[in-house]
>>> print(open('data.txt').read())   # compact mmCIF, C-alpha atoms
# COMPACT_ATOMS: atom_id res chain seq x y z
CA MET A 10 51.58 48.32 128.57
CA LYS A 11 48.47 50.28 127.71
CA SER A 12 49.02 52.68 130.60
CA LYS A 13 52.63 53.22 129.47
CA SER A 14 51.44 54.08 125.94
CA MET A 15 48.88 56.53 127.34
CA PHE A 16 51.62 58.16 129.44
CA VAL A 17 53.87 58.56 126.38
CA LEU A 18 50.99 60.05 124.36
CA PHE A 19 50.15 62.47 127.19
CA PHE A 20 53.81 63.48 127.50
CA LEU A 21 54.08 64.19 123.74
CA VAL A 22 50.88 66.28 123.72
CA PHE A 23 52.00 68.25 126.79
CA SER A 24 55.47 68.81 125.29
CA ILE A 25 54.02 70.13 122.04
CA TYR A 26 51.66 72.45 123.96
CA PHE A 27 54.50 73.69 126.19
CA ILE A 28 56.80 74.39 123.24
CA PHE A 29 54.12 76.36 121.39
CA SER A 30 53.17 78.26 124.55
CA LEU A 31 56.73 79.59 124.69
CA GLN A 32 56.53 81.06 121.19
CA PRO A 33 56.22 84.86 121.14
CA THR A 34 52.85 86.39 120.38
CA PRO A 35 52.49 87.68 116.83
CA ASN A 36 54.24 91.01 116.40
CA GLU A 37 51.69 93.31 114.84
CA SER A 38 54.15 96.21 114.55
CA LYS A 39 54.55 95.59 110.84
CA TYR A 40 50.89 96.48 110.36
CA PRO A 41 49.61 100.08 110.27
CA LEU A 42 48.09 101.24 113.55
CA GLY A 43 45.00 102.27 111.65
CA GLY A 44 42.25 100.84 109.50
CA HIS A 45 40.72 100.78 106.07
CA SER A 46 39.41 104.35 106.11
CA PHE A 47 43.02 105.48 105.78
CA GLU A 48 44.37 102.53 103.84
CA ASN A 49 41.75 102.79 101.10
CA GLY A 50 42.78 106.38 100.51
CA LYS A 51 46.41 105.28 100.09
CA LYS A 52 47.58 108.65 101.35
CA ILE A 53 48.53 108.33 104.98
CA SER A 54 49.54 105.50 107.27
CA LEU A 55 50.42 105.30 110.96
CA SER A 56 52.85 102.69 112.23
CA ALA A 57 55.50 101.92 114.84
CA SER A 58 58.46 99.56 114.77
CA GLY A 59 60.45 97.82 117.47
CA TYR A 60 57.40 97.03 119.61
CA ASP A 61 54.86 94.25 119.97
CA PHE A 62 51.20 95.20 119.77
CA LYS A 63 48.06 93.53 120.98
CA ARG A 64 44.84 95.04 119.71
CA LEU A 65 42.45 95.50 122.66
CA TYR A 66 39.47 96.87 120.82
CA THR A 67 38.40 98.50 117.60
CA GLY A 68 35.29 100.36 116.53
CA GLU A 69 33.82 102.05 113.51
CA LYS A 70 30.93 104.34 112.74
CA GLN A 71 29.87 105.74 109.40
CA TYR A 72 28.41 109.21 109.40
CA GLN A 73 26.92 111.15 106.56
CA LEU A 74 30.11 113.15 106.04
CA MET A 75 32.87 110.88 107.29
CA ASP A 76 33.95 107.36 108.25
CA LYS A 77 35.29 107.16 111.82
CA GLN A 78 37.43 104.34 113.20
CA TRP A 79 39.17 103.93 116.54
CA PHE A 80 41.63 101.42 117.93
CA LYS A 81 43.37 100.74 121.21
CA TRP A 82 46.60 98.75 121.35
CA GLU A 83 48.62 97.33 124.21
CA VAL A 84 52.29 98.15 123.57
CA SER A 85 55.00 95.73 124.70
CA LYS A 86 58.76 95.68 124.45
CA ASN A 87 60.93 92.71 125.46
CA ARG A 88 57.77 90.91 126.63
CA LYS A 89 56.86 93.72 129.03
CA THR A 90 53.79 95.92 128.61
CA ILE A 91 55.00 99.52 128.52
CA GLY A 92 51.83 101.42 127.62
CA TYR A 93 48.72 101.83 125.50
CA ILE A 94 48.16 103.73 122.28
CA THR A 95 44.76 104.78 120.99
CA ILE A 96 44.24 105.91 117.41
CA THR A 97 41.14 107.79 116.28
CA GLN A 98 40.95 108.43 112.54
CA ASP A 99 38.39 110.12 110.34
CA ALA A 100 38.17 109.86 106.56
CA VAL A 101 36.13 112.93 105.58
CA TYR A 102 33.86 112.98 102.52
CA ASN A 103 35.95 115.70 100.80
CA GLY A 104 38.98 113.39 100.67
CA ASP A 105 40.79 114.85 103.70
CA PHE A 106 41.89 112.90 106.77
CA TYR A 107 42.07 113.55 110.48
CA TYR A 108 43.71 111.48 113.19
CA LEU A 109 44.41 111.79 116.89
CA ALA A 110 47.00 109.55 118.56
CA ARG A 111 46.97 109.17 122.34
CA TYR A 112 49.77 107.38 124.21
CA GLU A 113 49.59 106.34 127.88
CA PRO A 114 52.90 105.04 129.29
CA LEU A 115 52.86 102.60 132.19
CA THR A 116 56.52 102.95 133.12
CA ASP A 117 59.27 105.55 133.16
CA SER A 118 61.87 105.32 130.43
CA LYS A 119 64.44 107.58 128.82
CA GLN A 120 63.40 106.15 125.45
CA PRO A 121 60.27 107.75 123.98
CA PHE A 122 57.57 105.80 122.18
CA ILE A 123 57.84 106.69 118.48
CA LEU A 124 54.82 106.81 116.17
CA ASN A 125 55.57 107.09 112.45
CA ILE A 126 53.39 109.03 110.02
CA THR A 127 53.95 108.23 106.32
CA LEU A 128 52.48 110.21 103.43
CA SER A 129 52.30 108.14 100.27
CA GLY A 130 53.92 109.64 97.17
CA SER A 131 55.43 112.63 98.96
CA THR A 132 58.58 113.66 97.07
CA SER A 133 59.28 117.36 97.69
CA PRO A 134 60.60 119.29 100.72
CA PHE A 135 58.18 120.64 103.32
CA TYR A 136 57.56 124.18 104.48
CA GLU A 137 55.93 125.21 107.73
CA ASN A 138 54.09 128.22 109.09
CA HIS A 139 53.17 128.61 112.74
CA ALA A 140 52.01 131.34 115.10
CA GLU A 141 54.02 132.48 118.12
CA TYR A 142 53.23 134.68 121.13
CA PRO A 143 55.46 137.77 121.43
CA LYS A 144 53.32 139.17 124.28
CA GLY A 145 52.49 136.06 126.28
CA ILE A 146 50.29 133.08 125.50
CA ASP A 147 47.28 134.91 124.12
CA MET A 148 45.78 134.16 120.71
CA THR A 149 44.73 137.79 120.29
CA GLU A 150 48.41 138.79 120.40
CA SER A 151 49.85 135.88 118.38
CA VAL A 152 51.49 136.42 114.98
CA TRP A 153 52.31 134.17 112.04
CA GLN A 154 56.04 133.61 111.65
CA GLY A 155 55.83 133.28 107.88
CA ARG A 156 56.58 130.41 105.52
CA GLN A 157 59.93 128.77 106.20
CA SER A 158 61.66 125.54 105.28
CA ALA A 159 60.62 122.79 107.65
CA ARG A 160 63.55 121.75 109.81
CA ALA A 161 64.50 118.20 110.72
CA HIS A 162 62.85 118.87 114.08
CA LEU A 163 59.66 120.91 113.73
CA SER A 164 58.98 123.84 116.03
CA LYS A 165 57.09 123.11 119.24
CA TYR A 166 53.93 124.80 117.98
CA THR A 167 50.84 123.70 116.11
CA ALA A 168 51.79 124.41 112.49
CA VAL A 169 50.68 124.22 108.88
CA VAL A 170 53.21 121.89 107.24
CA GLU A 171 52.98 121.50 103.47
CA ASN A 172 54.76 120.60 100.24
CA LYS A 173 53.66 120.12 96.62
CA GLN A 174 51.80 116.91 97.42
CA TYR A 175 50.38 117.44 100.92
CA SER A 176 49.14 120.00 103.39
CA MET A 177 48.77 119.34 107.14
CA TRP A 178 47.50 121.28 110.11
CA MET A 179 49.71 119.49 112.62
CA SER A 180 49.70 119.80 116.39
CA LEU A 181 52.75 119.40 118.57
CA ALA A 182 52.91 116.21 120.64
CA TYR A 183 51.21 117.51 123.79
CA VAL A 184 52.03 116.00 127.18
CA TYR A 185 49.46 116.17 129.98
CA ARG A 186 48.81 114.90 133.45
CA GLN A 187 45.17 114.08 134.11
CA ARG A 188 43.84 116.04 137.06
CA GLU A 189 40.54 115.62 138.88
CA ARG A 190 37.23 116.80 137.40
CA GLY A 191 38.35 116.25 133.82
CA VAL A 192 41.08 118.92 133.91
CA LEU A 193 44.36 118.52 131.99
CA GLU A 194 47.70 119.80 133.31
CA GLU A 195 49.96 120.81 130.42
CA LEU A 196 53.59 119.66 130.76
CA TYR A 197 55.12 121.74 127.99
CA ASN A 198 58.69 121.21 129.21
CA LYS A 199 58.29 117.49 128.46
CA VAL A 200 57.10 118.01 124.86
CA LEU A 201 59.49 116.57 122.26
CA PRO A 202 59.70 118.02 118.73
CA ILE A 203 58.33 116.10 115.75
CA ARG A 204 60.97 114.66 113.43
CA ASN A 205 60.69 115.40 109.69
CA ASP A 206 62.81 113.62 107.06
CA ASN A 207 61.46 115.75 104.15
CA ARG A 208 60.47 112.59 102.28
CA GLY A 209 56.96 112.29 103.65
CA ASN A 210 57.88 110.60 106.93
CA PHE A 211 57.24 112.18 110.33
CA SER A 212 58.17 110.67 113.68
CA ILE A 213 56.09 111.62 116.71
CA TYR A 214 58.01 111.30 119.97
CA PHE A 215 55.88 110.54 123.02
CA PRO A 216 57.90 110.69 126.27
CA GLN A 217 57.46 107.81 128.68
CA HIS A 218 56.67 109.23 132.09
CA LYS A 219 54.30 107.17 134.20
CA GLY A 220 51.14 109.08 135.09
CA THR A 221 51.16 111.24 131.95
CA VAL A 222 49.36 111.02 128.64
CA SER A 223 50.54 112.35 125.26
CA GLU A 224 48.40 113.36 122.28
CA GLN A 225 49.11 114.48 118.75
CA TRP A 226 46.63 115.20 115.96
CA SER A 227 46.66 116.36 112.34
CA VAL A 228 44.33 117.31 109.52
CA VAL A 229 45.86 115.91 106.32
CA SER A 230 44.96 116.86 102.75
CA ALA A 231 46.29 116.36 99.22
CA SER A 232 45.12 119.94 98.54
CA PRO A 233 46.28 123.19 100.19
CA LEU A 234 44.51 123.61 103.52
CA ILE A 235 44.72 127.41 103.54
CA ASP A 236 44.95 130.20 100.99
CA TRP A 237 47.83 132.27 102.36
CA ASN A 238 46.71 135.23 100.25
CA HIS A 239 43.38 135.30 102.08
CA LYS A 240 44.02 137.61 105.04
CA LEU A 241 40.82 136.81 106.92
CA ALA A 242 41.47 133.08 106.60
CA GLN A 243 44.92 133.60 108.10
CA THR A 244 43.39 135.58 110.96
CA ASN A 245 40.69 133.01 111.69
CA LEU A 246 43.12 130.09 111.72
CA ARG A 247 45.52 131.98 113.98
CA MET A 248 42.72 133.03 116.37
CA ALA A 249 41.40 129.47 116.49
CA ASP A 250 44.80 128.64 117.99
CA LEU A 251 44.58 125.02 119.26
CA ASN A 252 48.24 125.62 119.98
CA ARG A 253 49.36 126.93 123.39
CA ALA A 254 46.38 129.06 124.43
CA ARG A 255 43.78 126.42 123.55
CA LYS A 256 43.97 122.66 123.21
CA TRP A 257 42.14 120.09 121.14
CA SER A 258 41.66 116.62 122.56
CA GLU A 259 39.65 113.51 121.78
CA ASP A 260 36.53 114.87 123.49
CA GLY A 261 36.65 118.50 122.36
CA MET A 262 38.25 121.85 122.98
CA TYR A 263 40.08 122.88 126.16
CA PHE A 264 40.55 126.42 127.48
CA ILE A 265 42.91 127.70 130.19
CA THR A 266 41.09 127.09 133.47
CA PRO A 267 39.60 130.21 135.10
CA THR A 268 41.05 131.17 138.47
CA THR A 269 37.61 130.62 140.04
CA TYR A 270 37.51 126.95 138.94
CA VAL A 271 38.77 123.95 140.93
CA PRO A 272 41.27 122.54 140.24
CA TYR A 273 43.25 125.54 139.02
CA ALA A 274 46.83 126.31 138.01
CA PRO A 275 48.14 128.55 135.20
CA ASN A 276 48.90 125.47 133.07
CA PHE A 277 45.56 123.70 133.71
CA PHE A 278 43.01 123.33 130.89
CA TRP A 279 39.32 122.45 131.12
CA ARG A 280 36.99 121.12 128.45
CA ILE A 281 34.58 123.85 127.47
CA PRO A 282 31.13 122.58 126.40
CA ALA A 283 31.03 124.95 123.41
CA GLN A 284 32.66 124.25 120.02
CA TYR A 285 33.70 127.80 119.18
CA VAL A 286 36.48 126.85 116.74
CA GLY A 287 34.25 124.53 114.73
CA GLU A 288 31.48 127.14 114.68
CA LEU A 289 33.90 129.83 113.47
CA PHE A 290 35.25 127.52 110.78
CA ILE A 291 31.96 126.50 109.18
CA ARG A 292 31.08 130.16 108.56
CA SER A 293 34.56 131.13 107.33
CA GLU A 294 36.09 131.08 103.85
CA GLY A 295 39.58 130.89 102.39
CA ALA A 296 40.73 127.61 103.90
CA ARG A 297 39.87 124.01 103.13
CA VAL A 298 40.76 123.13 106.71
CA PHE A 299 37.72 125.10 107.87
CA GLU A 300 35.33 122.59 106.32
CA THR A 301 37.29 119.50 107.33
CA PHE A 302 37.88 120.47 110.95
CA GLY A 303 34.40 121.95 111.20
CA ILE A 304 33.00 118.51 110.37
CA VAL A 305 35.28 116.81 112.92
CA SER A 306 34.18 119.35 115.53
CA MET A 307 30.52 118.85 114.63
CA TYR A 308 30.66 115.10 115.20
CA THR A 309 32.66 115.59 118.39
CA ALA A 310 29.75 117.63 119.74
CA VAL A 311 27.31 114.96 118.54
CA ASN A 312 29.22 112.26 120.43
CA THR A 313 29.75 114.18 123.70
CA LEU A 314 26.14 115.16 124.43
CA ASN A 315 25.34 113.40 127.71
CA LYS A 316 22.36 111.14 128.38
CA ASP A 317 20.44 114.02 129.96
CA GLY A 318 20.68 116.07 126.77
CA TYR A 319 23.35 118.67 127.55
CA TRP A 320 27.15 119.19 127.62
CA ALA A 321 28.43 119.40 131.21
CA SER A 322 31.09 121.69 132.70
CA THR A 323 33.14 119.28 134.83
CA PRO A 324 35.28 121.51 137.14
CA ARG A 325 33.90 123.08 140.30
CA SER A 326 33.06 126.78 140.10
CA THR A 327 33.84 128.31 143.51
CA MET A 328 31.10 130.93 142.94
CA LEU A 329 28.42 128.31 142.22
CA TYR A 330 29.59 126.01 145.00
CA ASP A 331 29.89 128.70 147.67
CA ASP A 332 26.59 130.40 146.82
CA TYR A 333 24.41 127.47 145.74
CA LYS A 334 26.31 124.25 146.59
CA ILE A 335 26.36 123.43 142.88
CA ASP A 336 29.38 121.21 142.20
CA GLY A 337 31.21 120.12 139.07
CA GLY A 338 29.23 118.59 136.24
CA PHE A 339 26.96 121.61 136.11
CA TYR A 340 24.90 122.89 133.20
CA ASP A 341 25.87 126.26 131.66
CA THR A 342 23.11 127.71 129.48
CA ARG A 343 25.35 129.98 127.40
CA PHE A 344 27.95 127.40 126.38
CA ASN A 345 25.31 124.76 125.72
CA THR A 346 23.01 126.97 123.70
CA ASP A 347 25.98 128.18 121.65
CA THR A 348 26.81 124.55 120.85
CA ALA A 349 23.21 123.84 119.87
CA LEU A 350 23.25 126.87 117.56
CA PHE A 351 26.46 125.48 116.04
CA MET A 352 24.58 122.22 115.39
CA ILE A 353 21.79 124.12 113.64
CA ARG A 354 24.26 126.10 111.50
CA ALA A 355 26.08 122.88 110.67
CA TYR A 356 22.81 121.30 109.60
CA ASN A 357 21.99 124.29 107.42
CA LYS A 358 25.42 124.03 105.78
CA PHE A 359 25.85 120.26 105.47
CA LYS A 360 22.27 118.92 105.86
CA ASP A 361 23.59 116.42 108.38
CA GLN A 362 20.78 114.69 110.24
CA ASP A 363 22.91 113.85 113.31
CA ALA A 364 23.56 117.55 113.91
CA LEU A 365 19.85 118.34 113.66
CA ASN A 366 18.90 115.48 115.99
CA VAL A 367 21.36 116.67 118.65
CA ALA A 368 19.99 120.23 118.40
CA LYS A 369 16.46 118.86 118.88
CA THR A 370 17.53 116.75 121.86
CA TYR A 371 19.10 119.75 123.52
CA GLY A 372 16.07 121.87 122.66
CA GLY A 373 13.84 119.41 124.51
CA PHE A 374 16.15 119.50 127.50
CA LEU A 375 16.17 123.32 127.52
CA ILE A 376 12.37 123.53 127.43
CA ASN A 377 12.09 121.20 130.42
CA TYR A 378 14.84 123.10 132.22
CA MET A 379 13.03 126.40 131.71
CA LYS A 380 9.90 125.01 133.38
CA THR A 381 11.69 124.52 136.70
CA HIS A 382 14.66 126.91 136.50
CA SER A 383 13.22 130.30 135.58
CA PHE A 384 11.44 133.35 136.95
CA LYS A 385 8.52 135.14 135.35
CA THR A 386 9.22 138.74 134.42
CA LYS A 387 6.78 141.66 134.78
CA ASN A 388 5.98 141.49 131.08
CA GLY A 389 5.21 137.77 131.14
CA GLY A 390 8.57 136.54 129.92
CA LEU A 391 10.96 134.09 131.54
CA LEU A 392 14.31 134.81 133.13
CA VAL A 393 16.10 131.47 132.72
CA CYS A 394 18.71 130.43 135.29
CA ASP A 395 22.25 130.51 133.93
CA TYR A 396 23.38 127.36 135.69
CA GLY A 397 21.97 124.12 137.02
CA ASN A 398 23.02 120.98 138.84
CA PHE A 399 20.59 118.11 138.72
CA GLU A 400 21.72 116.50 141.94
CA THR A 401 20.02 119.51 143.57
CA PRO A 402 17.37 120.24 140.90
CA LEU A 403 15.34 122.83 142.80
CA ILE A 404 18.20 125.31 143.28
CA LYS A 405 17.79 128.46 141.19
CA THR A 406 20.82 130.59 140.40
CA HIS A 407 19.18 133.99 140.07
CA MET A 408 17.82 136.45 142.61
CA LYS A 409 14.39 137.93 142.07
>>> encode(input="data.txt", output="structure tokens")
Amino acid sequence: MKSKSMFVLFFLVFSIYFIFSLQPTPNESKYPLGGHSFENGKKISLSASGYDFKRLYTGEKQYQLMDKQWFKWEVSKNRKTIGYITITQDAVYNGDFYYLARYEPLTDSKQPFILNITLSGSTSPFYENHAEYPKGIDMTESVWQGRQSARAHLSKYTAVVENKQYSMWMSLAYVYRQRERGVLEELYNKVLPIRNDNRGNFSIYFPQHKGTVSEQWSVVSASPLIDWNHKLAQTNLRMADLNRARKWSEDGMYFITPTTYVPYAPNFFWRIPAQYVGELFIRSEGARVFETFGIVSMYTAVNTLNKDGYWASTPRSTMLYDDYKIDGGFYDTRFNTDTALFMIRAYNKFKDQDALNVAKTYGGFLINYMKTHSFKTKNGGLLVCDYGNFETPLIKTHMK
């Protein structure tokens, strides 16, 4: 009798466990895909509906000039994992916001993943202004198209989108394929326009093609991001581009890959170690976006300095490889020293200790590099090698 009672008890416990195990996992889609640095500002929220989300990790770091948070979510639909979305968001000390959303699909689907951007208290219609390329994709030849009413589907360009309550520097939803050596292949024909309902809601459409990644970023402010009467500010923002000729990603700025780099194709982009847009912005006037994005760029440089104390060039240069057997991941003195000078200028402007510390770290690296990668000149100076690869540390890339 006792054994029968134990069997009944075991059966009840197992049944309860089995029933609860069949219940769906909590659907977190009703929650914003962001954190308190945005929510406390009560200005912008990121969300998605119609999916189930499982948070894989989250992180936060407070800097002197901004609060950074990042999240990665597993995205499921009908109990099947369809991709991953990563959100990086920065709440800047001046009250502005920056985010970058990155979506990685695991399957092919005709239905895009839709990320919703909501601006709290937005009540008036939006206008947009973007630069186009009448003479080919070249920022030196680009021209502003002029202020126009924002359409239901925004143009496929990085644009300034603004109304009476908000101003945004808003990228298109880029689509890439990751190539070897850190190079991105742009798939512009797969880019889908951003949807605008003119009530403060924007829908970002990320196509679902396995093997691709999509990114979209914005600088968001409750104040005008640019003075359109300031001609030099217009020029500097247009020349910065971050549109079709240059790209901005989670780890920095990407340029069109030189023909002498491997891998190469006309639509390939490589991450340049320098932060030329951020450096231009912190010494420019006439646009609030210059300060906000300059700070984002500054901390991006802080976070991408490698353990050896420099910013690496990841593609292979055929010239360096053929002549010196120096492969990808090499050190370029010009790009690195330009970034260190940007850190010093940023420190002078913002008094940010992280920027100064990074400049000092690189300075120590450069001094050690000069000891082994230089030639003495007739007047007692040093001719420092332009490039280095520390898998073959004794190779010098200059001729006497």
>>> residues_near_point(input="data.txt", point="(39.2, 117.6, 139.7)", cutoff="10 Å", atoms="all atoms listed in the file", output="PyMOL selection string")
chain A and resi 187-193+270-273+279+323-325+337
>>> atom_distance(input="data.txt", atom1="CA of Thr268 (chain A)", atom2="CA of Met148 (chain A)")
18.6 Å
>>> atom_distance(input="data.txt", atom1="CA of Thr301 (chain A)", atom2="CA of Tyr263 (chain A)")
19.3 Å
>>> atom_distance(input="data.txt", atom1="CA of Gly92 (chain A)", atom2="CA of Lys63 (chain A)")
11.0 Å
>>> residues_around(input="data.txt", residues="Ile203 (chain A)", least_positions_apart="2", cutoff="9 Å", atoms="all atoms listed in the file", output="number ranges by chain")
A: 161-165, 181-182, 201, 205, 211-214
>>> residues_around(input="data.txt", residues="Tyr136 (chain A)", least_positions_apart="6", cutoff="10 Å", atoms="only C-alpha atoms", output="PDB file with C-alpha atoms, in the frame of the given file")
ATOM      1  CA  GLY A 155      55.830 133.280 107.880  1.00  0.00           C
ATOM      2  CA  ARG A 156      56.580 130.410 105.520  1.00  0.00           C
ATOM      3  CA  GLN A 157      59.930 128.770 106.200  1.00  0.00           C
ATOM      4  CA  SER A 158      61.660 125.540 105.280  1.00  0.00           C
ATOM      5  CA  ALA A 159      60.620 122.790 107.650  1.00  0.00           C
ATOM      6  CA  ARG A 160      63.550 121.750 109.810  1.00  0.00           C
ATOM      7  CA  ALA A 168      51.790 124.410 112.490  1.00  0.00           C
ATOM      8  CA  VAL A 169      50.680 124.220 108.880  1.00  0.00           C
ATOM      9  CA  VAL A 170      53.210 121.890 107.240  1.00  0.00           C
ATOM     10  CA  GLU A 171      52.980 121.500 103.470  1.00  0.00           C
ATOM     11  CA  ASN A 172      54.760 120.600 100.240  1.00  0.00           C
ATOM     12  CA  LYS A 173      53.660 120.120  96.620  1.00  0.00           C
ATOM     13  CA  SER A 176      49.140 120.000 103.390  1.00  0.00           C
ATOM     14  CA  ASN A 207      61.460 115.750 104.150  1.00  0.00           C
TER      15      ASN A 207
END
>>> residues_around(input="data.txt", residues="region 75-91 of chain A", least_positions_apart="2", cutoff="9 Å", atoms="only C-alpha atoms", output="ChimeraX atom specification")
/A:33,42-46,59-73,93-103,113-117,217,304-305
>>> write_last_selection(input="data.txt", atoms="C-alpha atoms", output="PDB file, keeping the file's coordinate frame")
ATOM      1  CA  PRO A  33      56.220  84.860 121.140  1.00  0.00           C
ATOM      2  CA  LEU A  42      48.090 101.240 113.550  1.00  0.00           C
ATOM      3  CA  GLY A  43      45.000 102.270 111.650  1.00  0.00           C
ATOM      4  CA  GLY A  44      42.250 100.840 109.500  1.00  0.00           C
ATOM      5  CA  HIS A  45      40.720 100.780 106.070  1.00  0.00           C
ATOM      6  CA  SER A  46      39.410 104.350 106.110  1.00  0.00           C
ATOM      7  CA  GLY A  59      60.450  97.820 117.470  1.00  0.00           C
ATOM      8  CA  TYR A  60      57.400  97.030 119.610  1.00  0.00           C
ATOM      9  CA  ASP A  61      54.860  94.250 119.970  1.00  0.00           C
ATOM     10  CA  PHE A  62      51.200  95.200 119.770  1.00  0.00           C
ATOM     11  CA  LYS A  63      48.060  93.530 120.980  1.00  0.00           C
ATOM     12  CA  ARG A  64      44.840  95.040 119.710  1.00  0.00           C
ATOM     13  CA  LEU A  65      42.450  95.500 122.660  1.00  0.00           C
ATOM     14  CA  TYR A  66      39.470  96.870 120.820  1.00  0.00           C
ATOM     15  CA  THR A  67      38.400  98.500 117.600  1.00  0.00           C
ATOM     16  CA  GLY A  68      35.290 100.360 116.530  1.00  0.00           C
ATOM     17  CA  GLU A  69      33.820 102.050 113.510  1.00  0.00           C
ATOM     18  CA  LYS A  70      30.930 104.340 112.740  1.00  0.00           C
ATOM     19  CA  GLN A  71      29.870 105.740 109.400  1.00  0.00           C
ATOM     20  CA  TYR A  72      28.410 109.210 109.400  1.00  0.00           C
ATOM     21  CA  GLN A  73      26.920 111.150 106.560  1.00  0.00           C
ATOM     22  CA  TYR A  93      48.720 101.830 125.500  1.00  0.00           C
ATOM     23  CA  ILE A  94      48.160 103.730 122.280  1.00  0.00           C
ATOM     24  CA  THR A  95      44.760 104.780 120.990  1.00  0.00           C
ATOM     25  CA  ILE A  96      44.240 105.910 117.410  1.00  0.00           C
ATOM     26  CA  THR A  97      41.140 107.790 116.280  1.00  0.00           C
ATOM     27  CA  GLN A  98      40.950 108.430 112.540  1.00  0.00           C
ATOM     28  CA  ASP A  99      38.390 110.120 110.340  1.00  0.00           C
ATOM     29  CA  ALA A 100      38.170 109.860 106.560  1.00  0.00           C
ATOM     30  CA  VAL A 101      36.130 112.930 105.580  1.00  0.00           C
ATOM     31  CA  TYR A 102      33.860 112.980 102.520  1.00  0.00           C
ATOM     32  CA  ASN A 103      35.950 115.700 100.800  1.00  0.00           C
ATOM     33  CA  GLU A 113      49.590 106.340 127.880  1.00  0.00           C
ATOM     34  CA  PRO A 114      52.900 105.040 129.290  1.00  0.00           C
ATOM     35  CA  LEU A 115      52.860 102.600 132.190  1.00  0.00           C
ATOM     36  CA  THR A 116      56.520 102.950 133.120  1.00  0.00           C
ATOM     37  CA  ASP A 117      59.270 105.550 133.160  1.00  0.00           C
ATOM     38  CA  GLN A 217      57.460 107.810 128.680  1.00  0.00           C
ATOM     39  CA  ILE A 304      33.000 118.510 110.370  1.00  0.00           C
ATOM     40  CA  VAL A 305      35.280 116.810 112.920  1.00  0.00           C
TER      41      VAL A 305
END
>>> closest_residue(input="data.txt", among="A:Trp257, A:Tyr285, A:Phe302, A:Phe122", to="Ser180 (chain A)", atoms="all atoms listed in the file")
A:Trp257
>>> axis_aligned_box(input="data.txt", around="region 168-177 of chain A", padding_each_side="3 Å", output="AutoDock Vina command-line options")
--center_x 51.8 --center_y 120.7 --center_z 104.6 --size_x 12.0 --size_y 13.5 --size_z 21.9
>>> residues_near_point(input="data.txt", point="(33.0, 123.4, 111.1)", cutoff="6 Å", atoms="all atoms listed in the file", output="PyMOL selection string")
chain A and resi 287-288+290-291+299-300+302-304
>>> closest_residue(input="data.txt", among="A:Asn345, A:Gln362, A:Asn138, A:Ser54", to="Met177 (chain A)", atoms="only C-alpha atoms")
A:Asn138
